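Undergrad: Once you've had a glance at the structure underneath, I'll fire off some questions.
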Amino acid sequence: MADKNQINPEVEDLDEEDIITLEFDDDTAVDAEVIGVFELDDKEYIALAPIDGTDDVYIYGYKDNDDETFELLEIEDEEEFNKAVEEFDKLMDIED
């Protein structure tokens with residue numbers, strides 16, 4: 001899954017090339033660029049790429065709070081997570 005550590009960022013609406021900081025329970029932090037938000041099965045997900053030079057991608061649930069903030073939601077169901085990753089991979093193939 002995305003990461004077993006909990007995250008709770010609440011940041012302003014997405015603009016192109018947004019960078020957000022993911023702060024984990026183990027006191028580590030990762031700056032990540034927003035790749036995009038996508039929909040699957042009536043839910044929204046967000047893809048984030050760490051700006052540390054790795055090829056990692058984090059996938060989380062996405063909730064727009066309608067007040068210029070959003071929340072990242074841990075995807076705890078492995079089947080849901082795998083479907084979200086598969087959808088993200090399909091979308092990336094379409095863009096290439």
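Every chain in the structure tokens takes a letter, A first, then B, and so on in the order presented; its residues are numbered from 1, and the ligands are numbered from 1 following the presented order.
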Taking the backbone alone, and naming residues the way the document does, which bits of chain A are strand (DSSP E or B) by DSSP, as a ChimeraX atom specification?
TA: /A:10-12,19-23,29-40,43-50,58-64,69-73
Undergrad: Keeping only N, CA and C atoms, write those residues as a tab-separated table (two decimals), in the first residue's frame.
TA:
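The result, written out as part.tsv:
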chain	number	residue	atom	x	y	z
A	10	GLU	N	-3.24	18.79	5.29
A	10	GLU	CA	-4.40	19.53	4.81
A	10	GLU	C	-3.82	20.77	4.15
A	11	VAL	N	-3.92	20.85	2.83
A	11	VAL	CA	-3.27	21.94	2.11
A	11	VAL	C	-4.26	22.62	1.18
A	12	GLU	N	-3.81	23.73	0.62
A	12	GLU	CA	-4.68	24.51	-0.26
A	12	GLU	C	-4.96	23.76	-1.56
A	19	ILE	N	3.80	21.33	-4.66
A	19	ILE	CA	4.65	20.50	-3.82
A	19	ILE	C	4.03	20.49	-2.44
A	20	ILE	N	3.83	19.31	-1.89
A	20	ILE	CA	3.32	19.20	-0.53
A	20	ILE	C	4.30	18.37	0.29
A	21	THR	N	4.29	18.56	1.58
A	21	THR	CA	5.14	17.80	2.47
A	21	THR	C	4.31	16.77	3.18
A	22	LEU	N	4.70	15.52	3.02
A	22	LEU	CA	4.04	14.41	3.72
A	22	LEU	C	4.80	14.19	5.02
A	23	GLU	N	4.11	14.28	6.13
A	23	GLU	CA	4.73	14.05	7.43
A	23	GLU	C	4.17	12.76	7.99
A	29	ALA	N	9.73	13.14	6.91
A	29	ALA	CA	8.94	13.99	6.01
A	29	ALA	C	9.49	13.84	4.60
A	30	VAL	N	8.59	13.89	3.64
A	30	VAL	CA	8.96	13.78	2.23
A	30	VAL	C	8.23	14.88	1.47
A	31	ASP	N	8.98	15.67	0.71
A	31	ASP	CA	8.36	16.65	-0.20
A	31	ASP	C	7.98	15.91	-1.47
A	32	ALA	N	6.75	16.11	-1.92
A	32	ALA	CA	6.27	15.39	-3.09
A	32	ALA	C	5.51	16.34	-4.01
A	33	GLU	N	5.66	16.08	-5.30
A	33	GLU	CA	4.95	16.85	-6.32
A	33	GLU	C	3.65	16.14	-6.64
A	34	VAL	N	2.60	16.91	-6.80
A	34	VAL	CA	1.31	16.35	-7.18
A	34	VAL	C	1.35	16.02	-8.66
A	35	ILE	N	1.20	14.72	-8.98
A	35	ILE	CA	1.14	14.30	-10.37
A	35	ILE	C	-0.26	14.54	-10.91
A	36	GLY	N	-1.26	14.21	-10.10
A	36	GLY	CA	-2.63	14.45	-10.53
A	36	GLY	C	-3.64	13.76	-9.64
A	37	VAL	N	-4.88	14.12	-9.85
A	37	VAL	CA	-6.02	13.54	-9.15
A	37	VAL	C	-6.84	12.80	-10.19
A	38	PHE	N	-7.27	11.59	-9.86
A	38	PHE	CA	-8.06	10.80	-10.80
A	38	PHE	C	-9.20	10.11	-10.07
A	39	GLU	N	-10.21	9.71	-10.84
A	39	GLU	CA	-11.41	9.10	-10.27
A	39	GLU	C	-11.49	7.63	-10.67
A	40	LEU	N	-11.98	6.81	-9.74
A	40	LEU	CA	-12.20	5.40	-9.98
A	40	LEU	C	-13.32	4.94	-9.06
A	43	LYS	N	-14.79	7.32	-6.48
A	43	LYS	CA	-13.88	7.84	-5.46
A	43	LYS	C	-12.76	8.57	-6.17
A	44	GLU	N	-12.17	9.53	-5.47
A	44	GLU	CA	-11.04	10.25	-6.03
A	44	GLU	C	-9.75	9.81	-5.35
A	45	TYR	N	-8.69	9.80	-6.16
A	45	TYR	CA	-7.36	9.42	-5.68
A	45	TYR	C	-6.37	10.46	-6.15
A	46	ILE	N	-5.25	10.53	-5.44
A	46	ILE	CA	-4.20	11.47	-5.81
A	46	ILE	C	-2.89	10.70	-5.94
A	47	ALA	N	-2.10	11.07	-6.93
A	47	ALA	CA	-0.79	10.48	-7.15
A	47	ALA	C	0.27	11.54	-6.85
A	48	LEU	N	1.24	11.15	-6.03
A	48	LEU	CA	2.30	12.06	-5.60
A	48	LEU	C	3.65	11.45	-5.90
A	49	ALA	N	4.58	12.26	-6.39
A	49	ALA	CA	5.94	11.79	-6.68
A	49	ALA	C	6.92	12.53	-5.78
A	50	PRO	N	7.67	11.80	-4.96
A	50	PRO	CA	8.69	12.46	-4.13
A	50	PRO	C	9.69	13.19	-5.02
A	58	TYR	N	3.39	7.76	-4.70
A	58	TYR	CA	2.47	7.48	-3.60
A	58	TYR	C	1.05	7.69	-4.11
A	59	ILE	N	0.18	6.74	-3.80
A	59	ILE	CA	-1.23	6.84	-4.17
A	59	ILE	C	-2.04	6.90	-2.88
A	60	TYR	N	-2.90	7.90	-2.76
A	60	TYR	CA	-3.77	8.05	-1.60
A	60	TYR	C	-5.18	8.36	-2.06
A	61	GLY	N	-6.12	8.16	-1.18
A	61	GLY	CA	-7.45	8.67	-1.41
A	61	GLY	C	-7.40	10.18	-1.31
A	62	TYR	N	-8.33	10.84	-1.98
A	62	TYR	CA	-8.33	12.30	-2.04
A	62	TYR	C	-9.72	12.80	-1.68
A	63	LYS	N	-9.77	13.77	-0.78
A	63	LYS	CA	-11.05	14.37	-0.40
A	63	LYS	C	-10.92	15.88	-0.45
A	64	ASP	N	-11.71	16.50	-1.32
A	64	ASP	CA	-11.76	17.96	-1.43
A	64	ASP	C	-12.69	18.47	-0.34
A	69	THR	N	-9.01	23.51	0.81
A	69	THR	CA	-8.12	22.51	1.37
A	69	THR	C	-8.55	21.13	0.89
A	70	PHE	N	-7.66	20.18	1.04
A	70	PHE	CA	-8.01	18.80	0.75
A	70	PHE	C	-7.31	17.90	1.75
A	71	GLU	N	-7.77	16.66	1.80
A	71	GLU	CA	-7.18	15.68	2.70
A	71	GLU	C	-6.69	14.48	1.91
A	72	LEU	N	-5.60	13.89	2.38
A	72	LEU	CA	-5.12	12.62	1.85
A	72	LEU	C	-5.63	11.53	2.77
A	73	LEU	N	-6.18	10.48	2.17
A	73	LEU	CA	-6.77	9.39	2.94
A	73	LEU	C	-5.99	8.10	2.68
Undergrad: Considering only alpha helix (DSSP H) as DSSP defines it on the backbone, what residues of chain A qualify? List them as an MDAnalysis selection string.
TA: chainID A and resid 78:95
Undergrad: Can you work out the spacing between atom CA of A:Met92 and atom CA of A:Thr28 in Å, to one decimal?
TA: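 Answer for the atom CA of A:Met92 to atom CA of A:Thr28 separation: 28.2 Å.
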Undergrad: Just how far from atom CA of A:Asp77 is atom CA of A:Asn65, in Å to one decimal?
TA: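 Pair atom CA of A:Asn65 / atom CA of A:Asp77 returns 22.6 Å.
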Undergrad: Just to confirm, what's the straight-line distance from atom CA of A:Asp42 to atom CA of A:Ile75 in Å (one decimal)?
TA: 14.6 Å
Undergrad: Under the rule that only C-alpha atoms are counted, which of A:Val57, A:Glu68, A:Asp25, A:Asp18 is the nearest residue to A:Asp89?
TA: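 Of all the options, A:Val57 lies closest to A:Asp89.
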Undergrad: Find the residue from A:Ile51, A:Asp66, A:Asp56, A:Asp41 that sits nearest to A:Ala84; use only C-alpha atoms when measuring.
TA: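 Counting only C-alpha atoms, the residue closest to A:Ala84 is A:Asp41.
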